[in-house]
>>> print(open('upload_31.txt').read())   # compact mmCIF, C-alpha atoms
# COMPACT_ATOMS: atom_id res chain seq x y z
CA MET A 1 6.36 30.70 23.91
CA ASP A 2 8.89 32.62 25.93
CA GLU A 3 11.40 30.29 27.60
CA GLY A 4 11.49 32.33 30.85
CA LEU A 5 7.71 32.33 31.21
CA LYS A 6 7.68 28.61 30.53
CA ASN A 7 10.20 28.04 33.34
CA GLU A 8 8.27 30.28 35.73
CA LEU A 9 5.05 28.42 35.01
CA GLN A 10 6.84 25.10 35.46
CA LYS A 11 7.99 26.15 38.93
CA GLN A 12 4.34 26.75 39.80
CA GLY A 13 3.45 23.28 38.55
CA VAL A 14 1.96 24.38 35.23
CA PHE A 15 3.45 22.61 32.27
CA THR A 16 3.07 24.21 28.88
CA THR A 17 4.05 22.99 25.46
CA THR A 18 3.46 23.77 21.83
CA LEU A 19 1.79 21.76 19.09
CA GLU A 20 5.15 21.66 17.36
CA GLY A 21 6.82 20.34 20.51
CA VAL A 22 4.30 17.54 20.97
CA TYR A 23 4.41 16.69 17.28
CA ASN A 24 8.19 16.43 17.18
CA TRP A 25 8.34 14.65 20.55
CA GLY A 26 6.04 11.99 19.15
CA ARG A 27 7.91 11.78 15.89
CA LYS A 28 11.40 11.49 17.29
CA ASN A 29 10.45 8.78 19.77
CA SER A 30 8.74 6.49 17.30
CA VAL A 31 11.14 6.26 14.39
CA TRP A 32 10.74 2.86 12.80
CA PRO A 33 13.75 1.76 10.77
CA LEU A 34 13.54 -0.25 7.61
CA GLN A 35 14.80 -3.78 8.14
CA PHE A 36 17.48 -4.31 5.60
CA GLY A 37 21.23 -4.73 5.67
CA LEU A 38 23.71 -4.74 2.86
CA ALA A 39 26.93 -5.99 4.45
CA CYS A 40 28.82 -6.39 7.71
CA CYS A 41 27.48 -3.10 9.15
CA ALA A 42 24.12 -4.84 9.32
CA ILE A 43 25.54 -7.14 12.00
CA GLU A 44 26.34 -4.10 14.13
CA MET A 45 22.88 -2.73 13.38
CA ILE A 46 21.35 -6.01 14.58
CA ALA A 47 23.53 -5.86 17.70
CA ALA A 48 22.32 -2.31 18.36
CA SER A 49 18.72 -3.45 18.20
CA MET A 50 19.29 -6.38 20.58
CA ALA A 51 19.18 -6.39 24.38
CA ARG A 52 22.77 -5.33 25.10
CA TYR A 53 22.67 -2.00 23.25
CA ASP A 54 18.87 -1.84 23.14
CA LEU A 55 17.75 0.57 20.45
CA ALA A 56 14.27 0.14 21.94
CA ARG A 57 15.17 2.79 24.52
CA PHE A 58 14.78 5.32 21.71
CA GLY A 59 11.53 3.92 20.41
CA ALA A 60 13.20 2.48 17.34
CA GLU A 61 13.08 -1.25 18.02
CA VAL A 62 10.34 -1.88 15.48
CA PHE A 63 12.31 -2.83 12.39
CA ARG A 64 9.76 -2.95 9.62
CA PRO A 65 10.17 -5.44 6.79
CA SER A 66 8.14 -3.22 4.45
CA PRO A 67 9.16 0.26 3.30
CA ARG A 68 5.52 1.33 3.57
CA GLN A 69 5.73 1.24 7.36
CA ALA A 70 9.24 2.58 7.89
CA ASP A 71 10.42 6.10 8.72
CA LEU A 72 14.15 5.59 8.76
CA MET A 73 16.45 3.91 6.31
CA ILE A 74 19.72 2.72 7.81
CA VAL A 75 21.97 2.09 4.83
CA ALA A 76 24.16 -0.46 6.59
CA GLY A 77 26.91 -1.66 4.32
CA THR A 78 28.49 -1.48 0.92
CA VAL A 79 26.12 -0.26 -1.75
CA THR A 80 27.12 -1.91 -4.98
CA LYS A 81 26.08 -0.34 -8.24
CA LYS A 82 23.83 -3.31 -8.86
CA MET A 83 22.06 -2.78 -5.53
CA CYS A 84 21.81 1.01 -5.80
CA PRO A 85 18.57 1.23 -7.87
CA GLN A 86 16.85 -1.08 -5.39
CA VAL A 87 17.96 1.04 -2.44
CA VAL A 88 16.72 4.23 -4.10
CA ARG A 89 13.45 2.55 -5.04
CA LEU A 90 12.93 1.36 -1.46
CA TYR A 91 13.61 4.89 -0.26
CA ASN A 92 11.02 6.17 -2.72
CA GLN A 93 8.48 3.71 -1.39
CA MET A 94 8.84 4.89 2.19
CA PRO A 95 6.15 7.31 3.37
CA GLU A 96 7.04 10.83 4.43
CA PRO A 97 8.56 11.99 6.73
CA LYS A 98 11.55 9.78 6.02
CA TYR A 99 15.15 9.94 7.16
CA VAL A 100 18.36 8.23 6.15
CA ILE A 101 21.37 7.19 8.21
CA ALA A 102 24.37 6.20 6.11
CA MET A 103 26.16 3.70 8.34
CA GLY A 104 29.80 2.88 7.83
CA SER A 105 32.57 3.93 5.51
CA CYS A 106 31.10 2.08 2.55
CA ALA A 107 27.69 3.72 2.72
CA ILE A 108 29.16 7.20 3.08
CA SER A 109 31.98 6.98 0.56
CA GLY A 110 32.60 3.49 -0.76
CA GLY A 111 35.03 2.82 2.07
CA PRO A 112 37.79 0.27 1.50
CA PHE A 113 36.10 -0.72 -1.77
CA LYS A 114 36.07 2.82 -3.14
CA GLN A 115 38.42 1.86 -5.97
CA GLY A 116 36.17 -1.01 -7.00
CA TYR A 117 34.49 -0.64 -10.37
CA ASN A 118 31.23 -1.97 -8.97
CA VAL A 119 30.95 0.00 -5.74
CA LEU A 120 28.92 3.16 -5.34
CA LYS A 121 30.99 5.92 -3.80
CA GLY A 122 28.42 6.89 -1.19
CA ILE A 123 24.65 6.55 -1.14
CA ASP A 124 24.35 10.34 -0.68
CA ARG A 125 24.86 10.62 -4.44
CA TYR A 126 21.25 9.55 -4.96
CA ILE A 127 19.26 10.11 -1.77
CA PRO A 128 19.50 12.84 0.88
CA VAL A 129 21.38 11.47 3.90
CA ASP A 130 20.63 12.99 7.31
CA VAL A 131 23.37 11.43 9.44
CA HIS A 132 26.67 9.91 8.33
CA ILE A 133 28.48 7.45 10.61
CA PRO A 134 32.14 6.75 9.89
CA GLY A 135 33.70 3.46 10.92
CA CYS A 136 34.40 0.07 9.43
CA PRO A 137 32.09 -1.14 10.79
CA PRO A 138 30.88 1.45 13.32
CA ARG A 139 30.21 0.04 16.76
CA PRO A 140 26.60 -0.13 17.98
CA GLU A 141 27.33 2.86 20.21
CA ALA A 142 28.11 4.86 17.07
CA LEU A 143 24.75 3.90 15.63
CA LEU A 144 23.08 4.93 18.89
CA HIS A 145 24.88 8.25 18.68
CA ALA A 146 23.76 8.70 15.10
CA PHE A 147 20.26 7.90 16.17
CA MET A 148 20.36 10.49 18.94
CA THR A 149 21.72 13.00 16.43
CA LEU A 150 18.79 12.22 14.18
CA GLN A 151 16.38 12.65 17.08
CA LYS A 152 17.91 16.04 17.77
CA LYS A 153 17.50 16.93 14.12
CA ILE A 154 13.84 15.88 14.13
CA ASP A 155 13.26 17.85 17.33
CA GLU A 156 14.65 21.00 15.77
CA GLN A 157 12.36 20.85 12.75
CA SER A 158 9.50 23.31 12.90
CA LEU A 159 6.02 22.94 11.45
CA THR A 160 6.38 26.00 9.26
CA GLY A 161 9.23 27.96 7.77
CA ALA A 162 12.34 26.95 5.92
CA ASN A 163 13.31 24.31 8.49
CA ARG A 164 10.05 22.39 8.20
CA PRO A 165 10.22 18.66 7.44
CA ARG A 166 10.14 17.79 3.77
CA HIS A 167 6.67 16.26 3.81
CA LEU A 168 5.15 19.61 4.84
CA ASN A 169 6.87 21.33 1.94
CA ALA A 170 4.67 20.88 -1.10
CA ASP A 171 7.55 21.63 -3.48
CA ALA A 172 9.98 19.10 -2.04
CA PRO A 173 9.97 15.84 -3.99
CA SER A 174 8.95 12.64 -2.26
CA GLU A 175 10.60 10.49 -4.90
CA PHE A 176 14.10 10.62 -6.26
CA PRO A 177 15.06 9.39 -9.72
CA VAL A 178 16.10 5.74 -9.73
CA PRO A 179 19.40 5.25 -11.60
CA LYS A 180 19.51 2.85 -14.53
CA PHE A 181 22.26 0.42 -15.48
CA GLY A 182 24.31 2.09 -18.18
CA GLU A 183 27.04 0.69 -20.34
CA HIS A 184 29.84 1.48 -17.90
CA ASP A 185 28.24 3.11 -14.90
CA LEU A 186 24.91 3.95 -13.38
CA GLU A 187 23.03 6.59 -15.35
CA PRO A 188 22.98 9.27 -14.14
CA PRO A 189 26.18 8.83 -12.04
CA ASN A 190 24.61 11.00 -9.32
CA ASN A 191 21.49 12.98 -8.63
CA PRO A 192 22.53 16.62 -9.19
CA ALA A 193 19.71 17.86 -6.95
CA VAL A 194 21.16 15.92 -4.02
CA TRP A 195 24.90 15.75 -4.61
CA GLN A 196 27.42 17.53 -6.78
CA ALA A 197 30.99 16.53 -7.28
CA PRO A 198 33.22 18.86 -5.23
CA THR A 199 35.29 21.17 -7.35
CA LEU A 200 38.98 20.50 -6.96
CA VAL A 201 41.07 23.61 -6.43
CA ARG A 202 44.76 23.26 -7.15
CA VAL A 203 46.92 25.60 -5.15
CA MET B 1 -49.88 19.37 32.10
CA THR B 2 -46.72 17.25 32.11
CA ALA B 3 -44.43 16.93 29.14
CA GLU B 4 -44.81 13.70 27.24
CA TYR B 5 -42.21 11.20 28.41
CA SER B 6 -40.65 8.91 25.80
CA PRO B 7 -38.19 6.21 26.94
CA TYR B 8 -36.86 5.93 23.41
CA LEU B 9 -35.58 9.49 23.53
CA PHE B 10 -32.73 8.40 25.79
CA ILE B 11 -31.78 5.59 23.43
CA ILE B 12 -31.63 8.02 20.52
CA VAL B 13 -29.51 10.45 22.54
CA LEU B 14 -27.17 7.66 23.59
CA MET B 15 -26.97 6.36 20.01
CA VAL B 16 -26.03 9.78 18.67
CA ALA B 17 -23.41 10.11 21.42
CA ALA B 18 -22.00 6.66 20.64
CA VAL B 19 -21.73 7.32 16.93
CA GLY B 20 -20.15 10.70 17.63
CA PHE B 21 -17.68 9.09 20.02
CA ALA B 22 -16.60 6.71 17.29
CA LEU B 23 -16.54 9.26 14.48
CA ALA B 24 -14.78 12.11 16.32
CA PRO B 25 -11.33 10.43 16.48
CA LEU B 26 -11.63 9.43 12.82
CA ALA B 27 -12.50 13.01 11.88
CA LEU B 28 -9.62 14.35 13.97
CA ALA B 29 -7.21 11.89 12.35
CA TRP B 30 -8.48 12.93 8.92
CA LEU B 31 -8.03 16.61 9.77
CA TRP B 32 -4.55 15.99 11.15
CA ALA B 33 -3.55 14.07 8.05
CA LYS B 34 -4.92 16.82 5.84
CA PHE B 35 -2.67 19.46 7.39
CA TYR B 36 0.36 17.58 8.72
CA SER B 37 0.82 14.62 6.41
CA PRO B 38 -0.16 15.65 2.91
CA ARG B 39 -0.24 12.89 0.33
CA LYS B 40 2.68 12.61 -2.03
CA PRO B 41 2.02 9.71 -4.35
CA GLY B 42 4.37 8.74 -7.15
CA HIS B 43 5.26 5.97 -9.55
CA ASP B 44 7.53 4.07 -7.17
CA LYS B 45 5.41 4.69 -4.11
CA ASN B 46 2.32 3.33 -5.81
CA ALA B 47 4.17 0.28 -7.07
CA ILE B 48 2.78 -3.05 -5.90
CA TYR B 49 6.04 -4.80 -5.13
CA GLU B 50 7.97 -3.82 -1.99
CA CYS B 51 11.30 -5.54 -2.61
CA GLY B 52 13.02 -2.70 -4.41
CA LEU B 53 12.72 -4.60 -7.66
CA GLU B 54 10.25 -3.65 -10.32
CA SER B 55 7.53 -6.12 -11.05
CA LYS B 56 7.63 -7.55 -14.55
CA GLY B 57 4.83 -8.84 -16.72
CA ASP B 58 1.19 -9.31 -15.95
CA ALA B 59 -0.10 -10.82 -12.74
CA TRP B 60 -3.20 -12.12 -14.51
CA ILE B 61 -1.56 -14.99 -16.33
CA GLN B 62 -3.70 -18.03 -17.12
CA PHE B 63 -2.82 -21.61 -16.38
CA LYS B 64 -4.21 -24.29 -18.69
CA ALA B 65 -6.14 -26.66 -16.47
CA GLU B 66 -6.17 -30.00 -18.33
CA TYR B 67 -7.29 -32.16 -15.50
CA TYR B 68 -10.61 -32.91 -17.19
CA LEU B 69 -8.76 -35.14 -19.68
CA TYR B 70 -7.45 -37.33 -16.86
CA GLY B 71 -10.96 -37.36 -15.40
CA ILE B 72 -12.45 -38.63 -18.66
CA MET B 73 -9.79 -41.28 -19.15
CA PHE B 74 -10.23 -42.45 -15.58
CA LEU B 75 -13.99 -42.66 -16.10
CA ILE B 76 -13.64 -44.69 -19.29
CA PHE B 77 -11.26 -47.33 -17.97
CA ASP B 78 -12.18 -47.50 -14.28
CA VAL B 79 -15.98 -47.37 -14.56
CA GLU B 80 -15.88 -49.75 -17.49
CA THR B 81 -13.93 -52.29 -15.43
CA ILE B 82 -16.31 -52.01 -12.50
CA PHE B 83 -19.34 -52.64 -14.71
CA LEU B 84 -17.75 -55.21 -17.04
CA LEU B 85 -16.92 -57.66 -14.24
CA PRO B 86 -20.56 -58.19 -13.02
CA PHE B 87 -21.63 -58.10 -16.67
CA ALA B 88 -19.29 -60.98 -17.49
CA VAL B 89 -20.33 -62.98 -14.41
CA ALA B 90 -24.07 -62.64 -15.17
CA PHE B 91 -23.66 -62.88 -18.97
CA THR B 92 -25.35 -66.27 -19.48
CA GLY B 93 -28.47 -65.33 -17.52
CA LEU B 94 -29.06 -61.91 -19.09
CA SER B 95 -32.16 -60.99 -21.01
CA ALA B 96 -31.94 -59.40 -24.48
CA GLY B 97 -32.98 -55.98 -23.14
CA ALA B 98 -30.27 -55.98 -20.48
CA PHE B 99 -27.70 -57.04 -23.07
CA ILE B 100 -28.64 -54.18 -25.41
CA ALA B 101 -28.58 -51.70 -22.55
CA MET B 102 -25.11 -52.85 -21.58
CA MET B 103 -23.93 -52.61 -25.18
CA VAL B 104 -25.20 -49.03 -25.39
CA PHE B 105 -23.33 -48.24 -22.19
CA ILE B 106 -20.08 -49.69 -23.53
CA LEU B 107 -20.60 -47.88 -26.83
CA LEU B 108 -20.82 -44.56 -24.98
CA LEU B 109 -17.54 -45.27 -23.21
CA VAL B 110 -15.87 -46.42 -26.43
CA GLU B 111 -16.99 -43.19 -28.10
CA GLY B 112 -15.16 -41.31 -25.37
CA LEU B 113 -12.06 -43.44 -25.90
CA VAL B 114 -12.14 -42.82 -29.68
CA TRP B 115 -12.55 -39.08 -29.06
CA ALA B 116 -9.55 -39.11 -26.71
CA TRP B 117 -7.52 -41.19 -29.14
CA THR B 118 -8.13 -38.86 -32.08
CA LYS B 119 -7.31 -35.88 -29.84
CA GLY B 120 -3.89 -37.45 -29.24
CA ILE B 121 -4.14 -37.77 -25.48
CA LEU B 122 -3.04 -41.40 -25.46
CA THR B 123 0.27 -40.51 -27.09
CA TRP B 124 3.00 -40.19 -24.48
CA LYS B 125 4.83 -36.91 -24.93
>>> encode(input="upload_31.txt", output="structure tokens")
Amino acid sequence: MDEGLKNELQKQGVFTTTLEGVYNWGRKNSVWPLQFGLACCAIEMIAASMARYDLARFGAEVFRPSPRQADLMIVAGTVTKKMCPQVVRLYNQMPEPKYVIAMGSCAISGGPFKQGYNVLKGIDRYIPVDVHIPGCPPRPEALLHAFMTLQKKIDEQSLTGANRPRHLNADAPSEFPVPKFGEHDLEPPNNPAVWQAPTLVRV
Amino acid sequence: MTAEYSPYLFIIVLMVAAVGFALAPLALAWLWAKFYSPRKPGHDKNAIYECGLESKGDAWIQFKAEYYLYGIMFLIFDVETIFLLPFAVAFTGLSAGAFIAMMVFILLLVEGLVWAWTKGILTWK
């Protein structure tokens, strides 16, 4: 609908909307996160959900203990290589549409433990991450900001076309391959469909 | 000539309306799900366990319930004691028939004890 006509109608007291608008409005205001924390970032996540920072204002206070009922995975903390298959499997068990916030330096890159032999260098190597939050750990306000960014992202998704959410795209996979424990590293070391190692260019 | 008036007609109309009222939201939800939340099942999503770990082994394992052995042993020793005490008290005044009946009863219990003994239940493991 034309934005100018919409405004004109609104001045006359007639409110119009689209199916897409109502759909996304409902979706973005009822995102239920999965209740799980991996390290110290989880403490900040808990603080964000409590009364002082109050994630409930965004309709996301319902932390679900089961992946079957969750829409959002907040990867809060260091993902060790031992934990990685479980995280990917939990992500696979979540129903569509599902979103991921990688919270903290560890979840986005390995953080201070990046050199560790047992630490995954970012969960985005295996599952598609929608919002990255830097910080060690990020303050609850940062998580709120990430959440608002995610809401904006959900709001911009259309029902049809290239920008449609993944669950409406029949070709998009709902499950991502779970890595196995190899001799020295996880196998495969990353999901090539989601993440590729950046090519280093020497100047 | 007036049309025939049936009071049950209203009940039928109301019943149809009530069933429709209940079924319409379900149908709408089904239609919505068909277009806007298509099913995408998979191996992990259909898994039973929700902890991130894969379930191992079979859930239909069998436990060996051996309580009946304790029941039989209890019956042999406890019931025997209960009946042996009045038997001993009234022993001198018993008739031959009562004596034989009691002997048969004890024999039955002793058979059970012999069975248990040969089965190896009395051996402490």
>>> closest_atom_pairs(input="upload_31.txt", of="chain A", to="chain B", cutoff="7 Å", atoms="all atoms listed in the file", output="JSON lines")
{"residue": "A:Ser66", "atom": "CA", "partner": "B:Glu50", "partner_atom": "CA", "distance": 6.5}
{"residue": "A:Pro67", "atom": "CA", "partner": "B:Glu50", "partner_atom": "CA", "distance": 6.8}
{"residue": "A:Gln86", "atom": "CA", "partner": "B:Gly52", "partner_atom": "CA", "distance": 4.3}
{"residue": "A:Val87", "atom": "CA", "partner": "B:Gly52", "partner_atom": "CA", "distance": 6.5}
{"residue": "A:Arg89", "atom": "CA", "partner": "B:Gly52", "partner_atom": "CA", "distance": 5.3}
{"residue": "A:Leu90", "atom": "CA", "partner": "B:Gly52", "partner_atom": "CA", "distance": 5.0}
{"residue": "A:Asn92", "atom": "CA", "partner": "B:Lys45", "partner_atom": "CA", "distance": 6.0}
{"residue": "A:Gln93", "atom": "CA", "partner": "B:Lys45", "partner_atom": "CA", "distance": 4.2}
{"residue": "A:His167", "atom": "CA", "partner": "B:Ser37", "partner_atom": "CA", "distance": 6.6}
{"residue": "A:Leu168", "atom": "CA", "partner": "B:Tyr36", "partner_atom": "CA", "distance": 6.5}
{"residue": "A:Ser174", "atom": "CA", "partner": "B:Lys40", "partner_atom": "CA", "distance": 6.3}
{"residue": "A:Glu175", "atom": "CA", "partner": "B:Gly42", "partner_atom": "CA", "distance": 6.9}
>>> residues_around(input="upload_31.txt", residues="region 45-61 of chain A", least_positions_apart="2", cutoff="8 Å", atoms="only C-alpha atoms", output="ChimeraX atom specification")
/A:29-33,41-43,63,76,140-141,143-144
>>> closest_residue(input="upload_31.txt", among="A:Tyr117, A:Trp25, A:Trp195, A:Phe181", to="Pro85 (chain A)", atoms="only C-alpha atoms")
A:Phe181
>>> atom_distance(input="upload_31.txt", atom1="CA of Leu150 (chain A)", atom2="CA of Thr80 (chain A)")
25.2 Å
>>> closest_residue(input="upload_31.txt", among="B:Gly93, B:Ala88, B:Thr81, B:Thr123", to="Leu109 (chain B)", atoms="all atoms listed in the file")
B:Thr81
>>> atom_distance(input="upload_31.txt", atom1="CA of Leu38 (chain A)", atom2="CA of Met83 (chain A)")
8.8 Å
>>> atom_distance(input="upload_31.txt", atom1="CA of Ile106 (chain B)", atom2="CA of Lys125 (chain B)")
28.0 Å
>>> residues_around(input="upload_31.txt", residues="region 98-101 of chain A", least_positions_apart="6", cutoff="6 Å", atoms="all atoms listed in the file", output="PDB file with C-alpha atoms, in the frame of the given file")
ATOM      1  CA  ASP A  71      10.420   6.100   8.720  1.00  0.00           C
ATOM      2  CA  LEU A  72      14.150   5.590   8.760  1.00  0.00           C
ATOM      3  CA  MET A  73      16.450   3.910   6.310  1.00  0.00           C
ATOM      4  CA  ILE A  74      19.720   2.720   7.810  1.00  0.00           C
ATOM      5  CA  VAL A 129      21.380  11.470   3.900  1.00  0.00           C
ATOM      6  CA  ASP A 130      20.630  12.990   7.310  1.00  0.00           C
ATOM      7  CA  VAL A 131      23.370  11.430   9.440  1.00  0.00           C
ATOM      8  CA  HIS A 132      26.670   9.910   8.330  1.00  0.00           C
TER       9      HIS A 132
END
>>> residues_around(input="upload_31.txt", residues="region 1-18 of chain A", least_positions_apart="6", cutoff="12 Å", atoms="only C-alpha atoms", output="tab-separated table (two decimals) with C-alpha atoms, keeping the file's coordinate frame")
chain	number	residue	atom	x	y	z
A	24	ASN	CA	8.19	16.43	17.18
A	25	TRP	CA	8.34	14.65	20.55
A	158	SER	CA	9.50	23.31	12.90
A	159	LEU	CA	6.02	22.94	11.45
>>> residues_around(input="upload_31.txt", residues="region 98-102 of chain B", least_positions_apart="5", cutoff="9 Å", atoms="only C-alpha atoms", output="list in words")
Phe83, Leu84, Phe87, Phe91 and Leu107 of chain B
>>> write_last_selection(input="upload_31.txt", atoms="C-alpha atoms", output="compact mmCIF listing (two decimals), in the frame of the given file")
# COMPACT_ATOMS: atom_id res chain seq x y z
CA PHE B 83 -19.34 -52.64 -14.71
CA LEU B 84 -17.75 -55.21 -17.04
CA PHE B 87 -21.63 -58.10 -16.67
CA PHE B 91 -23.66 -62.88 -18.97
CA LEU B 107 -20.60 -47.88 -26.83
>>> closest_residue(input="upload_31.txt", among="A:Ile123, A:Leu19, A:Val79, A:Ala70", to="Gly37 (chain A)", atoms="only C-alpha atoms")
A:Val79
>>> closest_residue(input="upload_31.txt", among="A:Pro95, A:Gly161, A:Pro189, A:Pro173", to="Arg68 (chain A)", atoms="all atoms listed in the file")
A:Pro95
>>> residues_around(input="upload_31.txt", residues="Asn191 (chain A)", least_positions_apart="5", cutoff="12 Å", atoms="only C-alpha atoms", output="list in words")
Val88, Gly122, Ile123, Asp124, Arg125, Tyr126, Ile127, Pro128, Glu175, Phe176, Pro177, Val178, Pro179, Lys180, Leu186, Gln196 and Ala197 of chain A
>>> decode(input="upload_31.txt", residues="region 24-65 of chain B", atoms="C-alpha atoms", output="PDB file, in the first residue's frame")
ATOM      1  CA  ALA B  24     -14.016 -22.473  12.216  1.00  0.00           C
ATOM      2  CA  PRO B  25     -10.967 -21.339  14.270  1.00  0.00           C
ATOM      3  CA  LEU B  26      -9.446 -24.805  13.946  1.00  0.00           C
ATOM      4  CA  ALA B  27      -9.947 -24.719  10.181  1.00  0.00           C
ATOM      5  CA  LEU B  28      -8.483 -21.220   9.985  1.00  0.00           C
ATOM      6  CA  ALA B  29      -5.473 -22.292  12.046  1.00  0.00           C
ATOM      7  CA  TRP B  30      -5.016 -25.307   9.770  1.00  0.00           C
ATOM      8  CA  LEU B  31      -5.207 -23.117   6.669  1.00  0.00           C
ATOM      9  CA  TRP B  32      -2.776 -20.604   8.136  1.00  0.00           C
ATOM     10  CA  ALA B  33      -0.324 -23.343   9.033  1.00  0.00           C
ATOM     11  CA  LYS B  34      -0.617 -24.809   5.547  1.00  0.00           C
ATOM     12  CA  PHE B  35       0.483 -21.578   3.884  1.00  0.00           C
ATOM     13  CA  TYR B  36       2.610 -19.763   6.454  1.00  0.00           C
ATOM     14  CA  SER B  37       4.263 -22.472   8.518  1.00  0.00           C
ATOM     15  CA  PRO B  38       5.008 -25.418   6.267  1.00  0.00           C
ATOM     16  CA  ARG B  39       6.306 -28.527   7.977  1.00  0.00           C
ATOM     17  CA  LYS B  40      10.003 -29.202   7.814  1.00  0.00           C
ATOM     18  CA  PRO B  41      10.680 -32.413   9.667  1.00  0.00           C
ATOM     19  CA  GLY B  42      14.116 -33.955   9.937  1.00  0.00           C
ATOM     20  CA  HIS B  43      16.189 -36.474  11.835  1.00  0.00           C
ATOM     21  CA  ASP B  44      17.150 -34.160  14.688  1.00  0.00           C
ATOM     22  CA  LYS B  45      13.802 -32.428  14.866  1.00  0.00           C
ATOM     23  CA  ASN B  46      11.963 -35.715  15.185  1.00  0.00           C
ATOM     24  CA  ALA B  47      14.346 -36.955  17.848  1.00  0.00           C
ATOM     25  CA  ILE B  48      12.741 -37.820  21.176  1.00  0.00           C
ATOM     26  CA  TYR B  49      15.328 -36.305  23.477  1.00  0.00           C
ATOM     27  CA  GLU B  50      15.491 -32.513  23.842  1.00  0.00           C
ATOM     28  CA  CYS B  51      18.794 -32.089  25.660  1.00  0.00           C
ATOM     29  CA  GLY B  52      21.015 -31.760  22.623  1.00  0.00           C
ATOM     30  CA  LEU B  53      22.396 -35.217  23.276  1.00  0.00           C
ATOM     31  CA  GLU B  54      21.434 -38.193  21.190  1.00  0.00           C
ATOM     32  CA  SER B  55      19.518 -40.909  22.924  1.00  0.00           C
ATOM     33  CA  LYS B  56      21.340 -44.213  23.105  1.00  0.00           C
ATOM     34  CA  GLY B  57      19.977 -47.728  23.243  1.00  0.00           C
ATOM     35  CA  ASP B  58      16.435 -48.944  23.483  1.00  0.00           C
ATOM     36  CA  ALA B  59      13.858 -47.448  25.807  1.00  0.00           C
ATOM     37  CA  TRP B  60      12.037 -50.778  26.038  1.00  0.00           C
ATOM     38  CA  ILE B  61      14.495 -52.521  28.323  1.00  0.00           C
ATOM     39  CA  GLN B  62      13.147 -55.216  30.636  1.00  0.00           C
ATOM     40  CA  PHE B  63      13.750 -55.469  34.338  1.00  0.00           C
ATOM     41  CA  LYS B  64      13.762 -58.935  35.902  1.00  0.00           C
ATOM     42  CA  ALA B  65      11.138 -58.850  38.612  1.00  0.00           C
TER      43      ALA B  65
END
